[in-house]
>>> print(open('entry-v3.cif').read())   # mmCIF, C-alpha atoms
data_model
loop_
_atom_site.label_atom_id
_atom_site.label_comp_id
_atom_site.auth_asym_id
_atom_site.auth_seq_id
_atom_site.Cartn_x
_atom_site.Cartn_y
_atom_site.Cartn_z
CA MET F 25 16.84 10.48 -5.19
CA GLN F 26 19.07 7.64 -3.99
CA SER F 27 18.41 4.01 -4.88
CA GLY F 28 19.88 0.68 -3.91
CA MET F 29 19.28 -2.93 -2.97
CA PHE F 30 18.48 -3.70 0.66
CA ASP F 31 19.62 -7.15 1.80
CA ILE F 32 17.12 -8.95 4.03
CA GLY F 33 18.91 -12.31 3.95
CA ASP F 34 16.79 -14.42 1.61
CA ALA F 35 16.00 -11.54 -0.78
CA GLN F 36 17.14 -8.12 -1.86
CA LEU F 37 14.63 -5.30 -2.01
CA TYR F 38 15.01 -2.48 -4.50
CA TYR F 39 14.43 0.87 -2.76
CA GLU F 40 14.50 4.59 -3.39
CA VAL F 41 14.94 7.40 -0.85
CA ARG F 42 14.00 11.03 -1.41
CA GLY F 43 13.99 14.17 0.69
CA SER F 44 14.60 14.90 4.36
CA GLY F 45 12.57 15.11 7.55
CA PRO F 46 10.51 12.44 9.35
CA ALA F 47 10.80 9.03 7.70
CA LEU F 48 7.83 7.86 5.63
CA LEU F 49 7.58 4.37 4.12
CA LEU F 50 5.20 3.91 1.16
CA ILE F 51 4.00 0.31 0.58
CA PRO F 52 2.62 -0.65 -2.86
CA GLY F 53 -0.17 -3.13 -3.54
CA ALA F 54 -0.77 -5.50 -6.46
CA GLY F 55 2.24 -5.42 -8.77
CA GLY F 56 4.39 -4.38 -5.84
CA ASP F 57 6.26 -1.63 -7.70
CA SER F 58 7.71 1.52 -6.14
CA GLY F 59 7.00 3.35 -9.39
CA TYR F 60 3.37 3.82 -8.36
CA PHE F 61 4.65 6.34 -5.82
CA ALA F 62 7.33 8.20 -7.81
CA GLY F 63 5.29 11.38 -8.23
CA LEU F 64 3.89 11.24 -4.70
CA ALA F 65 7.36 10.72 -3.23
CA ASP F 66 8.69 13.70 -5.18
CA ASP F 67 5.78 15.81 -3.92
CA LEU F 68 6.32 14.90 -0.25
CA ALA F 69 10.12 14.97 -0.29
CA ASP F 70 10.23 18.61 0.82
CA ALA F 71 8.88 17.58 4.24
CA PHE F 72 9.59 13.86 4.66
CA THR F 73 12.35 11.36 4.03
CA VAL F 74 10.28 9.21 1.67
CA ILE F 75 11.22 5.55 1.25
CA THR F 76 9.65 3.54 -1.56
CA TYR F 77 10.43 -0.04 -2.58
CA ASP F 78 9.49 -2.94 -4.82
CA ARG F 79 7.92 -5.62 -2.67
CA ARG F 80 9.60 -9.02 -2.43
CA GLY F 81 9.31 -10.98 -5.68
CA ASN F 82 8.18 -8.01 -7.75
CA SER F 83 9.90 -5.84 -10.36
CA ARG F 84 13.52 -5.10 -9.41
CA SER F 85 13.47 -6.93 -6.07
CA THR F 86 14.47 -10.56 -5.73
CA GLY F 87 12.83 -13.28 -3.65
CA ARG F 88 10.45 -14.63 -6.26
CA GLY F 89 10.24 -18.28 -5.22
CA GLU F 90 7.74 -21.04 -5.75
CA ALA F 91 5.75 -20.67 -2.56
CA PRO F 92 2.66 -18.67 -1.65
CA MET F 93 3.21 -15.17 -0.33
CA ARG F 94 2.75 -14.69 3.40
CA VAL F 95 1.50 -11.29 4.51
CA GLU F 96 3.46 -11.60 7.75
CA GLU F 97 6.65 -11.95 5.67
CA GLN F 98 5.75 -8.79 3.76
CA ALA F 99 5.25 -7.02 7.10
CA ALA F 100 8.64 -8.31 8.26
CA ASP F 101 10.22 -6.91 5.08
CA ALA F 102 8.70 -3.49 5.81
CA ARG F 103 9.96 -3.69 9.38
CA ALA F 104 13.48 -4.50 8.13
CA LEU F 105 13.44 -1.51 5.77
CA ILE F 106 12.35 0.81 8.58
CA ASN F 107 15.08 -0.52 10.85
CA GLY F 108 17.73 -0.32 8.15
CA LEU F 109 16.83 2.89 6.32
CA ALA F 110 14.81 4.94 8.82
CA GLY F 111 16.60 4.42 12.12
CA GLY F 112 13.94 2.12 13.53
CA GLN F 113 10.74 4.18 13.23
CA ALA F 114 8.70 5.62 10.38
CA LEU F 115 5.33 6.88 9.36
CA VAL F 116 3.72 4.37 6.98
CA PHE F 117 1.32 4.69 4.06
CA GLY F 118 -0.01 1.62 2.26
CA ASN F 119 -2.35 1.46 -0.70
CA SER F 120 -4.53 -1.54 -1.65
CA GLY F 121 -2.52 -4.70 -0.90
CA GLY F 122 0.06 -2.38 0.59
CA ALA F 123 -2.60 -1.21 3.05
CA ILE F 124 -3.05 -4.86 4.05
CA VAL F 125 0.70 -5.06 4.71
CA ALA F 126 0.54 -1.80 6.67
CA LEU F 127 -2.24 -3.13 8.91
CA ASP F 128 -0.32 -6.34 9.55
CA LEU F 129 2.86 -4.35 10.24
CA VAL F 130 1.04 -2.22 12.81
CA ALA F 131 -0.46 -5.29 14.49
CA ARG F 132 2.78 -7.29 14.59
CA HIS F 133 5.50 -4.65 14.87
CA PRO F 134 4.00 -1.45 16.31
CA GLU F 135 7.38 -0.46 17.78
CA VAL F 136 8.66 0.58 14.31
CA VAL F 137 5.54 2.54 13.29
CA ARG F 138 5.06 6.17 14.34
CA GLY F 139 1.70 6.37 12.58
CA ALA F 140 0.03 4.61 9.67
CA VAL F 141 -2.47 5.28 6.89
CA ALA F 142 -4.17 2.27 5.28
CA HIS F 143 -5.75 3.43 2.02
CA GLU F 144 -8.39 1.15 0.48
CA PRO F 145 -7.33 -2.29 1.76
CA PRO F 146 -9.41 -4.77 -0.31
CA ILE F 147 -10.22 -7.00 2.67
CA VAL F 148 -13.42 -8.48 1.27
CA GLY F 149 -13.63 -10.96 4.14
CA VAL F 150 -15.05 -8.24 6.41
CA LEU F 151 -18.00 -7.74 4.05
CA PRO F 152 -21.24 -9.70 4.60
CA ALA F 153 -21.09 -13.26 3.25
CA ASP F 154 -23.93 -12.52 0.84
CA ASP F 155 -22.19 -9.46 -0.58
CA PRO F 156 -21.53 -9.88 -4.33
CA TRP F 157 -17.86 -8.97 -3.79
CA PHE F 158 -17.26 -11.33 -0.85
CA ASP F 159 -15.83 -14.07 -3.12
CA PHE F 160 -14.12 -11.70 -5.57
CA PHE F 161 -10.61 -13.05 -5.03
CA GLU F 162 -11.78 -16.64 -5.39
CA ARG F 163 -13.62 -15.83 -8.64
CA MET F 164 -10.66 -13.96 -10.11
CA GLY F 165 -8.32 -16.77 -9.13
CA ARG F 166 -10.48 -19.21 -11.08
CA ARG F 167 -10.55 -16.80 -14.00
CA TYR F 168 -6.76 -16.71 -14.04
CA ALA F 169 -6.63 -20.54 -14.07
CA GLU F 170 -9.14 -20.67 -16.94
CA ALA F 171 -8.03 -17.82 -19.17
CA GLY F 172 -4.46 -16.92 -18.22
CA PRO F 173 -2.70 -13.80 -17.01
CA GLN F 174 -3.58 -11.35 -19.78
CA VAL F 175 -7.33 -11.91 -19.53
CA ALA F 176 -7.38 -12.11 -15.73
CA GLY F 177 -5.13 -9.09 -15.38
CA ALA F 178 -7.28 -7.00 -17.70
CA GLU F 179 -10.49 -8.05 -15.95
CA PHE F 180 -8.99 -7.29 -12.56
CA VAL F 181 -7.86 -3.83 -13.63
CA ALA F 182 -11.34 -3.21 -15.09
CA THR F 183 -12.84 -3.55 -11.60
CA VAL F 184 -10.77 -0.60 -10.37
CA ARG F 185 -12.47 2.71 -11.00
CA GLY F 186 -10.58 5.24 -13.06
CA GLU F 187 -8.17 2.80 -14.65
CA GLY F 188 -8.03 3.32 -18.41
CA THR F 189 -8.72 7.04 -18.09
CA TYR F 190 -5.05 7.99 -17.86
CA GLN F 191 -1.72 6.56 -18.99
CA TRP F 192 0.74 4.78 -16.72
CA PRO F 193 4.45 5.52 -17.16
CA ASP F 194 5.72 2.98 -19.69
CA ASP F 195 8.44 1.55 -17.43
CA LEU F 196 5.95 0.98 -14.60
CA PHE F 197 3.47 -0.65 -16.98
CA GLN F 198 6.09 -3.01 -18.38
CA ARG F 199 7.21 -4.08 -14.90
CA PHE F 200 3.57 -4.58 -13.86
CA ILE F 201 3.00 -6.88 -16.85
CA GLY F 202 6.03 -8.88 -15.75
CA ASN F 203 4.53 -9.26 -12.26
CA ILE F 204 1.05 -10.50 -13.22
CA ASP F 205 1.85 -14.22 -13.15
CA HIS F 206 3.54 -13.77 -9.77
CA LEU F 207 0.52 -11.84 -8.50
CA PHE F 208 -2.04 -14.47 -9.43
CA THR F 209 0.09 -17.55 -8.80
CA TRP F 210 1.70 -16.68 -5.47
CA GLU F 211 0.09 -13.54 -3.96
CA TRP F 212 -3.58 -13.56 -4.91
CA ASP F 213 -4.88 -16.14 -2.43
CA ALA F 214 -3.10 -14.47 0.49
CA TRP F 215 -4.67 -11.10 -0.32
CA GLY F 216 -8.10 -12.71 -0.54
CA ARG F 217 -7.82 -14.67 2.70
CA PHE F 218 -6.38 -11.90 4.84
CA LEU F 219 -8.28 -10.67 7.86
CA PRO F 220 -6.79 -8.01 10.16
CA ASN F 221 -5.96 -8.72 13.79
CA GLU F 222 -8.73 -6.53 15.14
CA SER F 223 -7.86 -7.23 18.75
CA ALA F 224 -4.27 -6.06 18.33
CA LEU F 225 -5.23 -3.05 16.20
CA SER F 226 -7.83 -1.88 18.70
CA LYS F 227 -5.19 -1.76 21.44
CA ILE F 228 -2.32 -0.01 19.67
CA ASP F 229 -0.96 3.23 21.09
CA LEU F 230 -0.16 5.00 17.84
CA PRO F 231 -2.14 6.98 15.26
CA LEU F 232 -3.87 4.73 12.70
CA VAL F 233 -6.06 6.10 9.93
CA LEU F 234 -8.06 4.10 7.42
CA GLY F 235 -9.29 5.81 4.30
CA ALA F 236 -10.68 5.61 0.79
CA GLY F 237 -11.09 7.84 -2.24
CA ALA F 238 -14.17 9.97 -2.80
CA ALA F 239 -14.61 8.48 -6.28
CA ASP F 240 -14.52 4.93 -4.89
CA ARG F 241 -17.53 5.08 -2.58
CA GLY F 242 -19.28 1.71 -2.48
CA SER F 243 -16.46 -0.23 -4.14
CA TYR F 244 -15.14 -3.57 -2.84
CA TYR F 245 -11.79 -1.99 -2.03
CA ALA F 246 -13.18 1.11 -0.26
CA ARG F 247 -16.00 -0.29 1.87
CA PRO F 248 -13.75 -2.58 3.97
CA SER F 249 -11.83 0.44 5.26
CA ILE F 250 -15.01 1.86 6.79
CA GLU F 251 -15.96 -1.46 8.35
CA ILE F 252 -12.51 -2.06 9.84
CA ALA F 253 -12.26 1.49 11.21
CA SER F 254 -15.62 1.01 12.91
CA ARG F 255 -14.63 -2.34 14.41
CA ILE F 256 -11.32 -1.19 15.88
CA GLY F 257 -12.36 2.35 16.83
CA SER F 258 -9.97 4.03 14.43
CA THR F 259 -10.22 7.26 12.44
CA TRP F 260 -11.54 7.06 8.87
CA VAL F 261 -10.68 9.72 6.28
CA GLU F 262 -11.95 10.31 2.75
CA PHE F 263 -9.13 11.09 0.33
CA PRO F 264 -9.43 12.67 -3.11
CA GLY F 265 -10.15 10.65 -6.21
CA ILE F 266 -9.66 7.06 -7.27
CA HIS F 267 -7.77 4.00 -6.06
CA LEU F 268 -4.46 5.12 -7.58
CA GLU F 269 -5.14 8.87 -7.45
CA PHE F 270 -1.49 9.47 -6.56
CA LEU F 271 -0.40 8.09 -9.94
CA PRO F 272 -2.09 10.56 -12.34
CA ARG F 273 -2.51 13.39 -9.79
CA PRO F 274 0.22 13.10 -7.16
CA ALA F 275 -0.02 16.73 -6.00
CA VAL F 276 -3.77 16.45 -5.38
CA PHE F 277 -3.46 13.24 -3.41
CA GLY F 278 -0.25 14.41 -1.77
CA ALA F 279 -1.92 17.52 -0.35
CA ALA F 280 -4.46 15.39 1.51
CA LEU F 281 -1.92 12.81 2.66
CA ARG F 282 0.48 15.55 3.77
CA ALA F 283 -2.19 16.99 6.07
CA VAL F 284 -2.86 13.61 7.70
CA LEU F 285 0.83 12.74 8.10
CA THR F 286 1.67 16.21 9.46
CA GLN F 287 -1.03 15.89 12.09
CA MET F 288 0.29 12.46 13.03
CA HIS F 289 3.86 13.69 13.36
CA THR F 290 3.13 16.91 15.22
CA GLY F 291 1.04 15.00 17.73
CA LEU F 292 4.10 12.97 18.63
CA GLU F 293 6.98 15.46 18.72
CA PRO F 294 7.91 19.04 17.74
CA VAL F 295 8.06 19.80 14.04
CA PRO F 296 11.43 19.60 12.25
CA ASP F 297 13.28 22.87 11.78
CA SER F 298 12.70 22.57 8.04
CA TRP F 299 8.95 22.86 8.63
CA ASN F 300 9.29 26.27 10.29
CA PRO F 301 9.24 29.30 7.95
CA VAL F 302 12.45 31.30 7.82
CA GLN F 303 11.99 34.61 9.66
CA ASP F 304 13.76 37.73 8.52
CA SER F 305 15.92 39.23 11.28
#
>>> encode(input="entry-v3.cif", output="structure tokens")
Amino acid sequence: MQSGMFDIGDAQLYYEVRGSGPALLLIPGAGGDSGYFAGLADDLADAFTVITYDRRGNSRSTGRGEAPMRVEEQAADARALINGLAGGQALVFGNSGGAIVALDLVARHPEVVRGAVAHEPPIVGVLPADDPWFDFFERMGRRYAEAGPQVAGAEFVATVRGEGTYQWPDDLFQRFIGNIDHLFTWEWDAWGRFLPNESALSKIDLPLVLGAGAADRGSYYARPSIEIASRIGSTWVEFPGIHLEFLPRPAVFGAALRAVLTQMHTGLEPVPDSWNPVQDS
């Protein structure tokens, strides 16, 4: 694994690169830390050049200012990483808020995306207005203002199925704690207000898959993926497990993601030599 700081002008993004083969960018959600994907990146590094990073303003990246996050800026950061580290094109996987960034990246900068998987984007704005989760982000934002980051952070995590049933790596947990104020102060409203550009996404000429975990059926962060896929005529896939399945069980989640990414890649160009089994002469 190689790591470094990628200069994007007004910020530096911490990144890690593993493996060889077609480039794959993994985009994290709330907390913005590349550590969510460490096990998944290791698992996929035998077939892909896997790029992970801490999103702007989070963990080891810089760019934490006193202004609300803009999703289009996050998409521009992802585009810059693909141009700088992947030769201008990559497969993309985003989870949660990272799936929101992935959808915006595809809509705004399709030229750098070879194919994309948006896993459980919590876009509650596509749910019916009378749905009990429609105003979730607004309610949690008020809770943060009333009770502070520890209470709001704990209550937010409690809405995510499976959390508390396994242990996060300590370094990832400590960085996440350090990002909570940033999340609720500067990122939260943008996540809650985001709506995808359905017109642009319905016209793209690249593979786009939306998906959610089998254990998350009916949740506020899984249901939007089904609705969006239906609206834009995209493929929807059910993945194994919970929202962060790749954290406790990277090989299980990685097997499913590998199949989707392999199909995307092989539909675009011949497989890399490394994917072909060695034949005895």
>>> residues_around(input="entry-v3.cif", residues="Glu90 of chain F", least_positions_apart="2", cutoff="8 Å", atoms="all atoms listed in the file", output="list of chain:residue names")
F:Arg88, F:Pro92, F:Trp210
>>> write_last_selection(input="entry-v3.cif", atoms="C-alpha atoms", output="mmCIF file, in the frame of the given file")
data_model
loop_
_atom_site.group_PDB
_atom_site.id
_atom_site.type_symbol
_atom_site.label_atom_id
_atom_site.label_comp_id
_atom_site.auth_asym_id
_atom_site.auth_seq_id
_atom_site.Cartn_x
_atom_site.Cartn_y
_atom_site.Cartn_z
ATOM 1 C CA ARG F 88 10.450 -14.630 -6.260
ATOM 2 C CA PRO F 92 2.660 -18.670 -1.650
ATOM 3 C CA TRP F 210 1.700 -16.680 -5.470
#
>>> resolve_selection(input="entry-v3.cif", expression="the PyMOL selection byres ((chain F and resi 237-247) around 7)", output="short mmCIF file (atom, residue, chain, number, x, y, z; two decimals) with C-alpha atoms, in the coordinates of the input")
data_model
loop_
_atom_site.label_atom_id
_atom_site.label_comp_id
_atom_site.auth_asym_id
_atom_site.auth_seq_id
_atom_site.Cartn_x
_atom_site.Cartn_y
_atom_site.Cartn_z
CA GLU F 144 -8.39 1.15 0.48
CA PRO F 145 -7.33 -2.29 1.76
CA PRO F 146 -9.41 -4.77 -0.31
CA VAL F 148 -13.42 -8.48 1.27
CA TRP F 157 -17.86 -8.97 -3.79
CA ARG F 185 -12.47 2.71 -11.00
CA ALA F 236 -10.68 5.61 0.79
CA PRO F 248 -13.75 -2.58 3.97
CA SER F 249 -11.83 0.44 5.26
CA ILE F 250 -15.01 1.86 6.79
CA GLU F 251 -15.96 -1.46 8.35
CA GLU F 262 -11.95 10.31 2.75
CA PHE F 263 -9.13 11.09 0.33
CA PRO F 264 -9.43 12.67 -3.11
CA GLY F 265 -10.15 10.65 -6.21
CA ILE F 266 -9.66 7.06 -7.27
CA HIS F 267 -7.77 4.00 -6.06
#
>>> resolve_selection(input="entry-v3.cif", expression="the PyMOL selection byres ((chain F and resi 285-296) around 10)", output="list in words")
Ser44, Gly45, Pro46, Leu48, Ala71, Phe72, Ala114, Leu115, Val116, Phe117, Arg138, Gly139, Ala140, Val141, Leu230, Pro231, Leu232, Val233, Ala280, Leu281, Arg282, Ala283, Val284, Asp297, Ser298, Trp299 and Asn300 of chain F
>>> write_last_selection(input="entry-v3.cif", atoms="C-alpha atoms", output="compact mmCIF listing (two decimals), in the coordinates of the input")
# COMPACT_ATOMS: atom_id res chain seq x y z
CA SER F 44 14.60 14.90 4.36
CA GLY F 45 12.57 15.11 7.55
CA PRO F 46 10.51 12.44 9.35
CA LEU F 48 7.83 7.86 5.63
CA ALA F 71 8.88 17.58 4.24
CA PHE F 72 9.59 13.86 4.66
CA ALA F 114 8.70 5.62 10.38
CA LEU F 115 5.33 6.88 9.36
CA VAL F 116 3.72 4.37 6.98
CA PHE F 117 1.32 4.69 4.06
CA ARG F 138 5.06 6.17 14.34
CA GLY F 139 1.70 6.37 12.58
CA ALA F 140 0.03 4.61 9.67
CA VAL F 141 -2.47 5.28 6.89
CA LEU F 230 -0.16 5.00 17.84
CA PRO F 231 -2.14 6.98 15.26
CA LEU F 232 -3.87 4.73 12.70
CA VAL F 233 -6.06 6.10 9.93
CA ALA F 280 -4.46 15.39 1.51
CA LEU F 281 -1.92 12.81 2.66
CA ARG F 282 0.48 15.55 3.77
CA ALA F 283 -2.19 16.99 6.07
CA VAL F 284 -2.86 13.61 7.70
CA ASP F 297 13.28 22.87 11.78
CA SER F 298 12.70 22.57 8.04
CA TRP F 299 8.95 22.86 8.63
CA ASN F 300 9.29 26.27 10.29
>>> closest_atom_pairs(input="entry-v3.cif", of="segment 170-263 of chain F", to="segment 54-64 of chain F", cutoff="12 Å", atoms="only C-alpha atoms", output="tab-separated table")
residue	atom	partner	partner_atom	distance
F:Gly177	CA	F:Ala54	CA	10.6
F:Phe180	CA	F:Ala54	CA	10.4
F:Val181	CA	F:Ala54	CA	10.2
F:Val184	CA	F:Ala54	CA	11.8
F:Trp192	CA	F:Tyr60	CA	8.8
F:Pro193	CA	F:Gly59	CA	8.5
F:Asp194	CA	F:Gly59	CA	10.4
F:Asp195	CA	F:Gly59	CA	8.4
F:Leu196	CA	F:Gly59	CA	5.8
F:Phe197	CA	F:Gly59	CA	9.3
F:Gln198	CA	F:Gly55	CA	10.6
F:Arg199	CA	F:Asp57	CA	7.7
F:Phe200	CA	F:Gly55	CA	5.3
F:Ile201	CA	F:Gly55	CA	8.2
F:Gly202	CA	F:Gly55	CA	8.7
F:Asn203	CA	F:Gly55	CA	5.7
F:Ile204	CA	F:Gly55	CA	6.9
F:Asp205	CA	F:Gly55	CA	9.8
F:His206	CA	F:Gly55	CA	8.5
F:Leu207	CA	F:Gly55	CA	6.7
F:Phe208	CA	F:Ala54	CA	9.5
F:Trp210	CA	F:Ala54	CA	11.5
F:Glu211	CA	F:Ala54	CA	8.5
F:Trp212	CA	F:Ala54	CA	8.7
F:Ala214	CA	F:Ala54	CA	11.6
F:Trp215	CA	F:Ala54	CA	9.2
F:Gly216	CA	F:Ala54	CA	11.9
>>> write_last_selection(input="entry-v3.cif", atoms="C-alpha atoms", output="CSV table (one decimal), in the frame of the given file")
chain,number,residue,atom,x,y,z
F,177,GLY,CA,-5.1,-9.1,-15.4
F,180,PHE,CA,-9.0,-7.3,-12.6
F,181,VAL,CA,-7.9,-3.8,-13.6
F,184,VAL,CA,-10.8,-0.6,-10.4
F,192,TRP,CA,0.7,4.8,-16.7
F,193,PRO,CA,4.4,5.5,-17.2
F,194,ASP,CA,5.7,3.0,-19.7
F,195,ASP,CA,8.4,1.6,-17.4
F,196,LEU,CA,6.0,1.0,-14.6
F,197,PHE,CA,3.5,-0.6,-17.0
F,198,GLN,CA,6.1,-3.0,-18.4
F,199,ARG,CA,7.2,-4.1,-14.9
F,200,PHE,CA,3.6,-4.6,-13.9
F,201,ILE,CA,3.0,-6.9,-16.8
F,202,GLY,CA,6.0,-8.9,-15.8
F,203,ASN,CA,4.5,-9.3,-12.3
F,204,ILE,CA,1.0,-10.5,-13.2
F,205,ASP,CA,1.8,-14.2,-13.2
F,206,HIS,CA,3.5,-13.8,-9.8
F,207,LEU,CA,0.5,-11.8,-8.5
F,208,PHE,CA,-2.0,-14.5,-9.4
F,210,TRP,CA,1.7,-16.7,-5.5
F,211,GLU,CA,0.1,-13.5,-4.0
F,212,TRP,CA,-3.6,-13.6,-4.9
F,214,ALA,CA,-3.1,-14.5,0.5
F,215,TRP,CA,-4.7,-11.1,-0.3
F,216,GLY,CA,-8.1,-12.7,-0.5
>>> residues_around(input="entry-v3.cif", residues="Asp101 of chain F", least_positions_apart="3", cutoff="9 Å", atoms="all atoms listed in the file", output="ChimeraX atom specification")
/F:32,37,79-80,96-98,104-106
>>> atom_distance(input="entry-v3.cif", atom1="atom CA of Tyr168 of chain F", atom2="atom CA of Gly149 of chain F")
20.3 Å
>>> residues_around(input="entry-v3.cif", residues="Thr76 of chain F", least_positions_apart="4", cutoff="6 Å", atoms="all atoms listed in the file", output="JSON, numbers by chain")
{"F": [39, 40, 50, 58]}
>>> residues_near_point(input="entry-v3.cif", point="(-7.4, 8.0, -16.5)", cutoff="10 Å", atoms="all atoms listed in the file", output="PyMOL selection string")
chain F and resi 185-192+266+268-269+271-273
>>> atom_distance(input="entry-v3.cif", atom1="atom CA of Ala99 of chain F", atom2="atom CA of Ala65 of chain F")
20.6 Å
>>> atom_distance(input="entry-v3.cif", atom1="atom CA of Tyr38 of chain F", atom2="atom CA of Arg84 of chain F")
5.8 Å
